[in-house]
$ cat work_12.cif   # mmCIF, C-alpha atoms
data_final
loop_
_atom_site.label_atom_id
_atom_site.label_comp_id
_atom_site.auth_asym_id
_atom_site.auth_seq_id
_atom_site.Cartn_x
_atom_site.Cartn_y
_atom_site.Cartn_z
CA MET A 966 15.44 18.61 9.25
CA ASN A 967 18.82 17.03 9.97
CA GLU A 968 18.79 14.29 7.31
CA ILE A 969 20.55 14.84 3.99
CA ARG A 970 21.20 11.32 2.68
CA ASP A 971 19.69 7.84 2.86
CA LEU A 972 16.34 9.57 3.34
CA ILE A 973 13.23 7.58 4.13
CA VAL A 974 10.25 9.67 3.06
CA GLY A 975 6.55 9.08 3.63
CA ILE A 976 3.83 10.87 1.64
CA ASP A 977 0.13 10.73 2.46
CA PHE A 978 -1.45 11.50 -0.91
CA GLY A 979 -4.98 12.51 0.01
CA GLU A 980 -7.96 13.67 -1.99
CA LYS A 981 -8.02 17.13 -0.40
CA THR A 982 -4.62 17.47 1.31
CA THR A 983 -1.21 15.82 1.16
CA GLN A 984 1.35 15.41 3.95
CA LEU A 985 5.08 14.76 3.93
CA CYS A 986 7.31 13.25 6.60
CA TYR A 987 10.80 11.82 6.90
CA TYR A 988 12.52 9.45 9.29
CA ASP A 989 14.63 11.30 11.86
CA ARG A 990 17.52 8.97 12.67
CA ARG A 991 18.57 10.94 15.73
CA ALA A 992 15.12 10.82 17.32
CA GLU A 993 14.48 7.35 15.82
CA GLU A 994 10.98 8.29 14.69
CA PRO A 995 9.18 9.89 11.74
CA ARG A 996 8.92 13.68 11.67
CA SER A 997 6.19 15.61 9.87
CA LEU A 998 7.56 18.34 7.62
CA PRO A 999 5.75 21.71 7.69
CA ILE A 1000 4.83 23.11 4.30
CA ARG A 1001 5.83 26.54 5.60
CA VAL A 1002 9.10 26.88 7.50
CA GLY A 1003 8.59 27.80 11.14
CA THR A 1004 4.89 26.89 11.22
CA SER A 1005 2.89 23.90 12.36
CA GLN A 1006 1.00 23.66 9.06
CA TYR A 1007 1.64 20.17 7.73
CA GLU A 1008 -1.16 19.70 5.19
CA ALA A 1009 -0.69 20.97 1.64
CA PRO A 1010 -3.69 21.24 -0.68
CA THR A 1011 -3.59 18.44 -3.24
CA VAL A 1012 -3.53 20.82 -6.19
CA LEU A 1013 -1.11 21.56 -9.02
CA CYS A 1014 -0.71 24.77 -10.99
CA ARG A 1015 0.92 25.27 -14.37
CA ARG A 1016 2.33 28.76 -14.70
CA LEU A 1017 2.00 30.43 -18.08
CA PRO A 1018 3.83 31.20 -20.29
CA LYS A 1019 6.83 29.50 -18.67
CA GLY A 1020 5.05 26.16 -18.35
CA ASP A 1021 6.55 25.26 -14.96
CA TYR A 1022 4.55 23.76 -12.09
CA PHE A 1023 3.81 24.60 -8.46
CA VAL A 1024 2.09 22.60 -5.74
CA GLY A 1025 -0.02 23.22 -2.64
CA LEU A 1026 -0.26 26.77 -1.35
CA GLU A 1027 2.04 28.09 -4.08
CA ALA A 1028 -0.21 26.50 -6.69
CA GLU A 1029 -3.23 28.29 -5.27
CA TYR A 1030 -1.31 31.60 -5.19
CA PHE A 1031 -0.10 31.43 -8.81
CA ALA A 1032 -3.55 30.42 -10.00
CA ARG A 1033 -5.19 33.23 -8.05
CA GLU A 1034 -2.66 36.05 -8.57
CA LYS A 1035 -0.70 35.18 -11.71
CA GLY A 1036 -3.25 33.58 -13.98
CA GLY A 1037 -1.88 30.05 -13.76
CA VAL A 1038 -3.94 26.98 -14.65
CA LEU A 1039 -5.07 25.17 -11.49
CA ILE A 1040 -5.55 21.39 -11.51
CA GLU A 1041 -7.75 20.57 -8.51
CA ASN A 1042 -8.94 17.03 -9.23
CA LEU A 1043 -5.49 15.48 -9.19
CA TYR A 1044 -6.43 12.62 -6.87
CA GLN A 1045 -9.40 11.61 -9.04
CA ALA A 1046 -7.34 12.01 -12.20
CA CYS A 1047 -4.88 9.40 -10.95
CA GLN A 1048 -7.70 6.86 -10.83
CA SER A 1049 -8.01 7.05 -14.64
CA ARG A 1050 -5.89 6.58 -17.76
CA GLU A 1051 -7.70 9.41 -19.54
CA LYS A 1052 -5.57 12.35 -20.62
CA ILE A 1053 -6.24 15.75 -19.05
CA LEU A 1054 -6.42 19.03 -20.96
CA VAL A 1055 -4.13 21.64 -19.35
CA ALA A 1056 -3.78 25.03 -21.05
CA GLY A 1057 -4.69 23.51 -24.41
CA GLU A 1058 -2.30 20.57 -24.07
CA GLU A 1059 -3.18 16.98 -23.28
CA LYS A 1060 -1.27 15.60 -20.31
CA GLU A 1061 -1.06 12.06 -18.98
CA PRO A 1062 -2.33 11.61 -15.39
CA TRP A 1063 0.99 10.09 -14.33
CA GLU A 1064 2.87 13.09 -15.74
CA LEU A 1065 0.84 15.56 -13.66
CA LEU A 1066 1.19 13.30 -10.64
CA GLY A 1067 4.95 13.27 -11.21
CA HIS A 1068 5.08 17.07 -11.21
CA PHE A 1069 3.04 17.15 -7.99
CA LEU A 1070 5.19 14.59 -6.15
CA LYS A 1071 8.35 16.29 -7.36
CA GLY A 1072 7.05 19.61 -6.05
CA MET A 1073 6.23 18.08 -2.67
CA LEU A 1074 9.70 16.55 -2.38
CA LYS A 1075 11.25 19.96 -3.10
CA LEU A 1076 9.82 21.10 0.25
CA MET A 1077 12.49 18.99 1.91
CA GLY A 1078 15.18 21.34 0.61
CA ILE A 1079 17.51 18.51 -0.40
CA LEU A 1080 19.60 18.66 -3.56
CA GLU A 1081 19.52 15.56 -5.73
CA ILE A 1082 16.53 14.20 -3.86
CA VAL A 1083 16.40 10.96 -5.87
CA LYS A 1084 20.07 10.19 -5.27
CA ASN A 1085 19.78 10.91 -1.54
CA THR A 1086 16.52 9.03 -0.97
CA LYS A 1087 16.68 5.42 0.17
CA CYS A 1088 12.93 4.83 0.13
CA LEU A 1089 9.90 6.83 -0.97
CA ALA A 1090 6.72 5.37 0.57
CA ILE A 1091 3.40 6.74 -0.71
CA THR A 1092 0.13 5.93 0.99
CA LEU A 1093 -3.45 6.40 -0.25
CA GLU A 1094 -6.87 5.59 1.16
CA SER A 1095 -7.09 2.65 -1.23
CA LEU A 1096 -4.98 1.19 -4.03
CA HIS A 1097 -6.30 0.01 -7.37
CA ARG A 1098 -4.60 -1.14 -10.53
CA VAL A 1099 -4.80 2.17 -12.44
CA GLN A 1100 -3.61 4.15 -9.42
CA VAL A 1101 -0.62 1.84 -9.07
CA GLU A 1102 0.18 2.22 -12.77
CA ASN A 1103 0.09 6.03 -12.55
CA LEU A 1104 2.07 6.14 -9.31
CA THR A 1105 4.69 3.79 -10.72
CA ARG A 1106 5.14 5.80 -13.90
CA ALA A 1107 5.26 9.05 -11.95
CA CYS A 1108 8.02 7.75 -9.66
CA GLU A 1109 9.98 6.38 -12.61
CA TRP A 1110 9.57 9.68 -14.44
CA MET A 1111 11.12 11.45 -11.45
CA GLY A 1112 14.08 9.08 -11.71
CA PHE A 1113 13.35 6.65 -8.88
CA PRO A 1114 14.25 3.00 -9.61
CA ARG A 1115 11.63 0.48 -8.55
CA SER A 1116 13.77 -0.62 -5.62
CA LYS A 1117 13.42 2.85 -4.08
CA PHE A 1118 9.64 3.35 -3.93
CA MET A 1119 6.66 1.54 -2.48
CA PHE A 1120 2.90 2.10 -2.12
CA LEU A 1121 0.52 1.31 0.75
CA ASP A 1122 -3.14 1.80 1.47
CA TYR A 1123 -4.25 3.43 4.74
CA GLY A 1124 -4.87 0.07 6.40
CA GLU A 1125 -1.31 -1.09 5.86
CA SER A 1126 0.06 2.29 6.93
CA PHE A 1127 -1.95 1.95 10.14
CA TYR A 1128 -0.43 -1.50 10.69
CA TYR A 1129 3.13 -0.21 10.41
CA TYR A 1130 2.34 2.82 12.56
CA ALA A 1131 0.68 0.76 15.29
CA LEU A 1132 3.27 -2.01 15.48
CA GLY A 1133 6.12 0.42 15.04
CA GLY A 1134 5.37 2.02 18.41
CA LYS A 1135 6.11 0.83 21.92
CA ARG A 1136 4.94 -2.72 22.53
CA GLU A 1137 2.58 -1.72 25.33
CA THR A 1138 0.52 0.22 22.76
CA TRP A 1139 -0.18 -2.87 20.64
CA ASN A 1140 0.38 -6.03 22.70
CA ARG A 1141 -3.43 -6.43 22.75
CA SER A 1142 -5.92 -5.23 20.16
CA VAL A 1143 -5.72 -1.72 18.72
CA ALA A 1144 -8.86 0.33 18.04
CA TRP A 1145 -9.15 2.79 15.16
CA TYR A 1146 -11.89 5.43 14.88
CA ALA A 1147 -11.81 7.15 11.48
CA PHE A 1148 -13.94 10.31 11.36
CA SER A 1149 -15.51 12.29 8.57
CA GLN A 1150 -17.94 15.17 9.00
CA GLU A 1151 -20.96 12.88 8.68
CA GLN A 1152 -19.88 9.58 10.24
CA VAL A 1153 -17.30 7.58 12.14
CA THR A 1154 -15.94 4.13 11.24
CA PHE A 1155 -14.50 1.69 13.79
CA ARG A 1156 -11.95 -0.98 12.94
CA ARG A 1157 -10.19 -3.35 15.31
CA LEU A 1158 -6.65 -4.52 14.59
CA THR A 1159 -6.10 -7.99 16.05
CA ILE A 1160 -2.87 -9.93 16.52
CA ASN A 1161 -2.92 -13.74 16.52
CA GLY A 1162 0.16 -14.82 18.43
CA ASN A 1163 -0.71 -18.52 18.05
CA THR A 1164 0.35 -18.65 14.39
CA ARG A 1165 3.75 -18.55 12.70
CA PRO A 1166 4.15 -16.08 11.21
CA ILE A 1167 2.03 -14.00 13.60
CA LEU A 1168 -1.05 -12.88 11.67
CA VAL A 1169 -2.33 -9.32 12.02
CA ARG A 1170 -5.63 -8.25 10.49
CA PHE A 1171 -8.55 -5.85 10.75
CA GLU A 1172 -11.96 -7.13 11.71
CA GLU A 1173 -14.98 -6.05 9.69
CA PRO A 1174 -15.58 -2.29 10.05
CA GLN A 1175 -18.54 -0.84 11.91
CA GLU A 1176 -19.86 2.66 11.29
CA THR A 1177 -22.52 5.10 12.37
CA ARG A 1178 -23.71 8.50 11.25
CA LEU A 1179 -23.13 11.46 13.53
CA PRO A 1180 -25.45 14.45 14.06
CA ALA A 1181 -24.12 17.90 13.20
CA GLU A 1182 -25.16 19.38 16.55
CA GLU A 1183 -22.19 18.99 18.91
CA GLU A 1184 -24.00 17.82 22.04
CA LEU A 1185 -25.95 15.16 20.16
CA ARG A 1186 -22.78 14.22 18.29
CA ASP A 1187 -21.04 13.55 21.60
CA VAL A 1188 -23.94 11.41 22.85
CA GLU A 1189 -24.08 9.37 19.64
CA PHE A 1190 -20.32 8.80 19.68
CA CYS A 1191 -20.49 7.64 23.33
CA GLN A 1192 -23.10 5.06 22.40
CA PHE A 1193 -20.96 3.94 19.48
CA ILE A 1194 -17.94 3.54 21.79
CA HIS A 1195 -19.93 1.27 24.12
CA ARG A 1196 -21.09 -0.84 21.15
CA THR A 1197 -17.61 -1.22 19.64
CA LEU A 1198 -15.25 -1.40 22.62
CA GLY A 1199 -17.55 -3.07 25.09
CA LYS A 1200 -15.64 -4.37 28.10
CA GLU A 1201 -12.73 -5.79 26.11
CA LEU A 1202 -9.14 -4.74 26.73
CA PHE A 1203 -7.42 -2.57 24.15
CA SER A 1204 -3.78 -1.54 24.23
CA SER A 1205 -4.45 1.76 22.50
CA ILE A 1206 -7.03 3.74 20.56
CA GLN A 1207 -6.17 5.76 17.46
CA ILE A 1208 -8.43 8.55 16.21
CA THR A 1209 -8.07 10.07 12.74
CA GLY A 1210 -10.06 12.42 10.54
CA THR A 1211 -11.24 16.00 10.55
CA GLY A 1212 -14.66 15.18 12.00
CA PHE A 1213 -13.33 14.69 15.53
CA ASP A 1214 -12.73 17.56 17.95
CA PRO A 1215 -11.98 17.24 21.70
CA GLN A 1216 -14.07 20.39 22.19
CA TRP A 1217 -17.33 18.54 21.55
CA ALA A 1218 -16.24 15.05 22.72
CA LYS A 1219 -16.45 15.96 26.43
CA GLN A 1220 -18.35 12.82 27.50
CA ALA A 1221 -16.63 10.55 25.00
CA ILE A 1222 -13.02 11.21 26.03
CA PRO A 1223 -13.36 9.82 29.61
CA ILE A 1224 -14.98 6.68 28.18
CA LEU A 1225 -12.16 6.25 25.65
CA CYS A 1226 -9.58 6.63 28.42
CA TYR A 1227 -11.32 4.12 30.71
CA GLN A 1228 -8.95 1.59 32.38
CA LYS A 1229 -6.00 3.84 31.45
CA ARG A 1230 -6.33 3.07 27.75
CA LYS A 1231 -3.86 5.08 25.70
CA VAL A 1232 -5.70 7.35 23.27
CA PHE A 1233 -3.98 9.12 20.36
CA TYR A 1234 -5.50 11.72 18.05
CA GLY A 1235 -3.94 13.27 14.95
CA ASN A 1236 -4.02 13.47 11.19
CA ASN A 1237 -0.41 12.59 10.41
CA LEU A 1238 -0.76 8.88 11.20
CA PHE A 1239 -0.71 7.64 7.60
CA ALA A 1240 2.31 9.64 6.46
CA ARG A 1241 4.17 8.48 9.56
CA GLY A 1242 3.02 4.91 9.00
CA ALA A 1243 4.28 4.98 5.41
CA CYS A 1244 7.60 6.31 6.65
CA MET A 1245 7.84 3.54 9.26
CA ALA A 1246 7.01 0.97 6.58
CA GLY A 1247 9.94 2.17 4.51
CA LYS A 1248 12.24 2.01 7.54
CA ASP A 1249 11.12 -1.50 8.48
CA ARG A 1250 11.29 -2.96 4.98
CA MET A 1251 14.55 -1.32 3.96
CA GLU A 1252 16.48 -1.53 7.22
CA ASP A 1253 15.06 -2.82 10.50
CA LYS A 1254 13.03 -5.90 9.53
CA LYS A 1255 11.50 -5.77 13.04
CA LEU A 1256 8.18 -7.07 11.74
CA LYS A 1257 9.69 -9.94 9.75
CA GLY A 1258 7.89 -12.48 11.95
CA TYR A 1259 4.53 -10.75 11.44
CA ARG A 1260 2.23 -10.89 8.44
CA TYR A 1261 -0.41 -8.26 7.80
CA MET A 1262 -3.51 -9.80 6.20
CA SER A 1263 -5.78 -7.61 4.12
CA ASP A 1264 -8.09 -7.82 1.12
CA SER A 1265 -5.69 -5.46 -0.65
CA LEU A 1266 -2.80 -7.90 -0.22
CA VAL A 1267 -2.11 -11.28 -1.77
CA LEU A 1268 -3.24 -13.88 0.76
CA THR A 1269 -2.09 -17.00 -1.06
CA ASP A 1270 1.30 -18.69 -1.11
CA VAL A 1271 2.09 -20.00 -4.59
CA GLY A 1272 4.89 -22.38 -5.50
CA MET A 1273 5.72 -25.59 -7.34
CA ASP A 1274 7.07 -29.00 -6.41
CA MET A 1275 10.32 -29.39 -8.37
CA ARG A 1276 13.63 -31.12 -8.42
CA VAL A 1277 16.42 -28.65 -7.68
CA MET A 1278 19.99 -29.95 -7.95
CA GLY A 1279 18.54 -33.44 -8.18
CA SER A 1280 16.55 -33.26 -4.93
CA PRO A 1281 12.75 -32.89 -4.66
CA THR A 1282 11.80 -29.61 -3.06
CA TYR A 1283 9.08 -26.96 -2.86
CA TYR A 1284 10.02 -23.90 -4.90
CA PRO A 1285 8.25 -20.71 -3.68
CA LEU A 1286 7.07 -18.22 -6.27
CA ILE A 1287 4.68 -15.80 -4.51
CA GLU A 1288 4.49 -15.21 -0.78
CA ALA A 1289 1.25 -14.28 0.98
CA GLY A 1290 1.19 -10.96 2.78
CA SER A 1291 2.84 -8.97 -0.02
CA ASN A 1292 1.30 -6.12 -1.98
CA TRP A 1293 -0.15 -7.51 -5.18
CA TYR A 1294 1.69 -5.00 -7.36
CA GLU A 1295 5.00 -6.19 -5.88
CA CYS A 1296 4.22 -9.86 -6.49
CA SER A 1297 6.00 -11.25 -9.51
CA ALA A 1298 8.26 -14.23 -10.10
CA SER A 1299 10.11 -15.92 -12.93
CA CYS A 1300 12.15 -19.05 -13.43
CA GLU A 1301 13.20 -21.60 -16.03
CA LEU A 1302 12.32 -25.27 -15.76
CA ILE A 1303 12.55 -28.56 -17.65
CA LEU A 1304 9.47 -30.73 -17.95
CA ASP A 1305 9.78 -34.28 -16.60
CA ASP A 1306 7.16 -36.64 -18.03
CA THR A 1307 4.32 -34.09 -18.00
CA SER A 1308 2.53 -31.70 -20.34
CA GLU A 1309 1.12 -29.37 -17.69
CA LEU A 1310 2.29 -27.12 -14.88
CA VAL A 1311 0.98 -27.76 -11.38
CA PHE A 1312 1.00 -24.94 -8.84
CA VAL A 1313 0.85 -25.60 -5.09
CA VAL A 1314 -1.28 -22.96 -3.35
CA ASN A 1315 -2.36 -22.41 0.22
CA THR A 1316 -3.22 -19.67 2.68
CA PRO A 1317 -1.33 -19.20 5.96
CA GLU A 1318 -4.42 -20.17 7.95
CA ASP A 1319 -5.12 -23.35 5.93
CA SER A 1320 -2.72 -26.23 6.49
CA LYS A 1321 -4.17 -28.17 3.56
CA LYS A 1322 -2.42 -27.35 0.29
CA LYS A 1323 -4.26 -27.32 -3.01
CA ARG A 1324 -2.92 -28.05 -6.47
CA VAL A 1325 -3.98 -26.06 -9.52
CA SER A 1326 -3.02 -27.27 -13.00
CA MET A 1327 -2.34 -25.32 -16.17
CA PRO A 1328 -2.33 -27.60 -19.27
CA LEU A 1329 0.12 -26.66 -22.02
CA VAL A 1330 -2.10 -27.33 -25.03
CA GLY A 1331 -0.14 -27.97 -28.21
CA LEU A 1332 3.15 -28.63 -26.44
CA PRO A 1333 5.69 -29.96 -28.99
CA VAL A 1334 6.31 -33.71 -28.73
CA ARG A 1335 9.90 -34.32 -27.65
CA PRO A 1336 11.78 -36.94 -25.64
CA ASN A 1337 11.41 -36.63 -21.88
CA ARG A 1338 13.40 -33.83 -20.21
CA THR A 1339 14.14 -32.04 -23.48
CA THR A 1340 11.53 -29.27 -23.15
CA ARG A 1341 12.76 -26.15 -21.40
CA LEU A 1342 10.26 -23.46 -20.44
CA SER A 1343 10.37 -19.98 -19.02
CA LEU A 1344 7.69 -19.19 -16.43
CA GLU A 1345 6.56 -15.70 -15.42
CA LEU A 1346 3.92 -14.79 -12.83
CA ALA A 1347 2.65 -11.28 -12.19
CA CYS A 1348 -0.29 -10.41 -9.93
CA THR A 1349 -2.78 -7.99 -11.45
CA SER A 1350 -4.89 -7.75 -8.28
CA ALA A 1351 -4.98 -9.28 -4.82
CA THR A 1352 -6.60 -12.46 -6.19
CA GLN A 1353 -5.75 -12.45 -9.89
CA CYS A 1354 -2.45 -13.60 -11.40
CA GLN A 1355 -1.24 -13.44 -14.99
CA ILE A 1356 0.88 -16.47 -15.98
CA THR A 1357 3.05 -16.52 -19.10
CA VAL A 1358 4.90 -19.64 -20.26
CA ARG A 1359 7.31 -19.70 -23.22
CA ASP A 1360 8.83 -22.68 -24.99
CA LEU A 1361 12.62 -22.21 -24.99
CA GLY A 1362 13.43 -25.45 -26.78
CA PHE A 1363 16.47 -27.49 -25.83
CA GLY A 1364 19.61 -26.35 -27.55
CA GLU A 1365 20.24 -26.87 -31.27
CA MET A 1366 18.73 -30.34 -31.25
CA TYR A 1367 15.24 -29.12 -30.29
CA PRO A 1368 14.90 -25.41 -31.14
CA SER A 1369 12.14 -23.30 -29.64
CA SER A 1370 8.74 -23.62 -31.26
CA GLY A 1371 7.92 -20.02 -30.36
CA LYS A 1372 4.80 -21.14 -28.52
CA VAL A 1373 3.54 -18.95 -25.67
CA TRP A 1374 0.83 -19.93 -23.17
CA ARG A 1375 -0.97 -17.27 -21.18
CA ASP A 1376 -3.55 -17.67 -18.46
CA SER A 1377 -5.19 -15.35 -15.99
CA ILE A 1378 -5.80 -17.36 -12.85
CA GLN A 1379 -7.82 -16.61 -9.75
CA TRP A 1380 -6.39 -18.66 -6.94
CA PRO A 1381 -8.62 -20.66 -4.57
CA GLY A 1382 -10.39 -18.30 -2.24
CA GLY A 1383 -11.73 -16.33 -5.19
CA SER A 1384 -13.40 -18.58 -7.75
CA ALA A 1385 -13.26 -22.34 -7.71
CA PRO A 1386 -9.92 -23.99 -8.44
CA GLY A 1387 -11.31 -25.57 -11.56
CA SER A 1388 -11.49 -22.16 -13.22
CA ALA A 1389 -7.69 -22.10 -13.22
CA ALA A 1390 -7.24 -25.36 -15.05
CA VAL A 1391 -7.54 -24.11 -18.63
CA GLY A 1392 -4.36 -22.91 -20.31
CA LYS A 1393 -4.60 -20.52 -23.26
CA ASP A 1394 -2.30 -21.04 -26.22
CA SER A 1395 -1.21 -18.11 -28.38
#
$ encode --input "work_12.cif" --output "structure tokens"
Amino acid sequence: MNEIRDLIVGIDFGEKTTQLCYYDRRAEEPRSLPIRVGTSQYEAPTVLCRRLPKGDYFVGLEAEYFAREKGGVLIENLYQACQSREKILVAGEEKEPWELLGHFLKGMLKLMGILEIVKNTKCLAITLESLHRVQVENLTRACEWMGFPRSKFMFLDYGESFYYYALGGKRETWNRSVAWYAFSQEQVTFRRLTINGNTRPILVRFEEPQETRLPAEEELRDVEFCQFIHRTLGKELFSSIQITGTGFDPQWAKQAIPILCYQKRKVFYGNNLFARGACMAGKDRMEDKKLKGYRYMSDSLVLTDVGMDMRVMGSPTYYPLIEAGSNWYECSASCELILDDTSELVFVVNTPEDSKKKRVSMPLVGLPVRPNRTTRLSLELACTSATQCQITVRDLGFGEMYPSSGKVWRDSIQWPGGSAPGSAAVGKDS
């Protein structure tokens, strides 16, 4: 590799294998990094080994070697372990899942051969098949343990990685819909990425997935896949077709390939799409901002804009707090405000596809009685899922004349689109 500083790194952290890539600024595209120099082997087993008695760690192929030949302790269920907060027993010692994950990610980054990898990395983007709260917690703590500040790392699920990969390519490969066939040994899943150019921002989303089981026998497998192609693609125009997964092989798909390539459709097959997509996400968010006018919509992302109507510098205005289209674990906001003839907070919420705004109230039960405009509050919002938001309000008082009461109000609110708005109207006093 020719990059030594301002690195943008993408890691596909998979259940069985993990891949690493970096953004090549000369070629202006992501490059997969082989786990063995001079080979085309890009997938490292997602395993970690603790060598005894030294207590150091190895990853991937080296982990398997030290476990097999040197009596090291092999940790094979690392991906599943990161979905839990339960400690793991390793050579008689209890280890936190995030700590083991940190050792694994650190070992993978060593494959880049860069000294002071944290200092020389501009963005570390990690992608997984799906993202849940516990996984995000473990990933965050692992990255912080390695020394990365929060501004230098980000997480994506496979759907979002696909979005950045697809729209990061040449426009002719995504100016219409993009098809995605994801294979496993037993089945194939189809998803269609659509782009709505009639909205501002331009909304990009996946339609509901379709799937079918595939026979093991190759000839029947080819026939079944052909039928599935006809059902999913039909006669519609697609800019490109992406194929991922180990269950696909051009050797058996002899009838299917001509159908996929019908009308000169561009067909791409490979298993490095997600690592490359993560890398392109880091490049776009940190530097290019080419997709600033686009908004990827997904169930794993916050789909609601949240703000408040306030007076700022004496003028009435809408004050944004949370923007739709962001990863829920990145969505947080804080501000200070002074109440004006009210004892509740009113949030203005709406989705990009709904022009009608809704108002959701949070009563401040037990608010100290003071003259108007002499109650100052701090407001903090932090999303705990794509639809759930934790709100914390603190009474700051108003100088020496009206000291803080110490009251704190907390509420966990599900914005409209989840449960009914009325469920958000009860504030909890503590």
$ residues_around --input "work_12.cif" --residues "region 1131-1133 of chain A" --least-positions-apart "4" --cutoff "12 Å" --atoms "only C-alpha atoms" --output "ChimeraX atom specification"
/A:993-995,1123-1127,1137-1145,1157-1160,1169-1170,1204-1207,1233,1238-1239,1241-1250,1253-1261
$ resolve_selection --input "work_12.cif" --expression "the PyMOL selection byres ((chain A and resi 1288-1303) around 8)" --output "number ranges by chain"
A: 1101, 1121, 1260-1263, 1265-1271, 1285-1287, 1304-1305, 1316-1317, 1338-1351
$ atom_distance --input "work_12.cif" --atom1 "CA of Leu1076 (chain A)" --atom2 "CA of Val1002 (chain A)"
9.3 Å
$ atom_distance --input "work_12.cif" --atom1 "CA of Gln1150 (chain A)" --atom2 "CA of Gln1175 (chain A)"
16.3 Å
$ atom_distance --input "work_12.cif" --atom1 "CA of Asp977 (chain A)" --atom2 "CA of Phe1120 (chain A)"
10.2 Å
$ resolve_selection --input "work_12.cif" --expression "the PyMOL selection byres ((chain A and resi 1093) around 7)" --output "compact mmCIF listing (two decimals) with C-alpha atoms, in the coordinates of the input"
# COMPACT_ATOMS: atom_id res chain seq x y z
CA ASP A 977 0.13 10.73 2.46
CA PHE A 978 -1.45 11.50 -0.91
CA GLY A 979 -4.98 12.51 0.01
CA ILE A 1091 3.40 6.74 -0.71
CA THR A 1092 0.13 5.93 0.99
CA GLU A 1094 -6.87 5.59 1.16
CA SER A 1095 -7.09 2.65 -1.23
CA LEU A 1096 -4.98 1.19 -4.03
CA LEU A 1121 0.52 1.31 0.75
CA ASP A 1122 -3.14 1.80 1.47
CA TYR A 1123 -4.25 3.43 4.74
$ closest_residue --input "work_12.cif" --among "A:Leu1104, A:Leu1225, A:Leu1017, A:Leu1080" --to "Gln1048 (chain A)" --atoms "only C-alpha atoms"
A:Leu1104
$ residues_around --input "work_12.cif" --residues "region 1034-1038 of chain A" --least-positions-apart "5" --cutoff "6 Å" --atoms "all atoms listed in the file" --output "PyMOL selection string"
chain A and resi 1014-1017
$ write_last_selection --input "work_12.cif" --atoms "C-alpha atoms" --output "mmCIF file, in the coordinates of the input"
data_model
loop_
_atom_site.group_PDB
_atom_site.id
_atom_site.type_symbol
_atom_site.label_atom_id
_atom_site.label_comp_id
_atom_site.auth_asym_id
_atom_site.auth_seq_id
_atom_site.Cartn_x
_atom_site.Cartn_y
_atom_site.Cartn_z
ATOM 1 C CA CYS A 1014 -0.710 24.770 -10.990
ATOM 2 C CA ARG A 1015 0.920 25.270 -14.370
ATOM 3 C CA ARG A 1016 2.330 28.760 -14.700
ATOM 4 C CA LEU A 1017 2.000 30.430 -18.080
#
$ resolve_selection --input "work_12.cif" --expression "the PyMOL selection byres ((chain A and resi 1066) around 9)" --output "count of residues only"
19
$ residues_around --input "work_12.cif" --residues "region 1306-1313 of chain A" --least-positions-apart "2" --cutoff "7 Å" --atoms "all atoms listed in the file" --output "list in words"
Val1271, Gly1272, Met1273, Leu1304, Asn1315, Lys1322, Lys1323, Arg1324, Val1325, Ser1326, Met1327, Pro1328, Leu1329, Leu1332 and Asn1337 of chain A
$ write_last_selection --input "work_12.cif" --atoms "C-alpha atoms" --output "PDB file, keeping the file's coordinate frame"
ATOM      1  CA  VAL A1271       2.090 -20.000  -4.590  1.00  0.00           C
ATOM      2  CA  GLY A1272       4.890 -22.380  -5.500  1.00  0.00           C
ATOM      3  CA  MET A1273       5.720 -25.590  -7.340  1.00  0.00           C
ATOM      4  CA  LEU A1304       9.470 -30.730 -17.950  1.00  0.00           C
ATOM      5  CA  ASN A1315      -2.360 -22.410   0.220  1.00  0.00           C
ATOM      6  CA  LYS A1322      -2.420 -27.350   0.290  1.00  0.00           C
ATOM      7  CA  LYS A1323      -4.260 -27.320  -3.010  1.00  0.00           C
ATOM      8  CA  ARG A1324      -2.920 -28.050  -6.470  1.00  0.00           C
ATOM      9  CA  VAL A1325      -3.980 -26.060  -9.520  1.00  0.00           C
ATOM     10  CA  SER A1326      -3.020 -27.270 -13.000  1.00  0.00           C
ATOM     11  CA  MET A1327      -2.340 -25.320 -16.170  1.00  0.00           C
ATOM     12  CA  PRO A1328      -2.330 -27.600 -19.270  1.00  0.00           C
ATOM     13  CA  LEU A1329       0.120 -26.660 -22.020  1.00  0.00           C
ATOM     14  CA  LEU A1332       3.150 -28.630 -26.440  1.00  0.00           C
ATOM     15  CA  ASN A1337      11.410 -36.630 -21.880  1.00  0.00           C
TER      16      ASN A1337
END
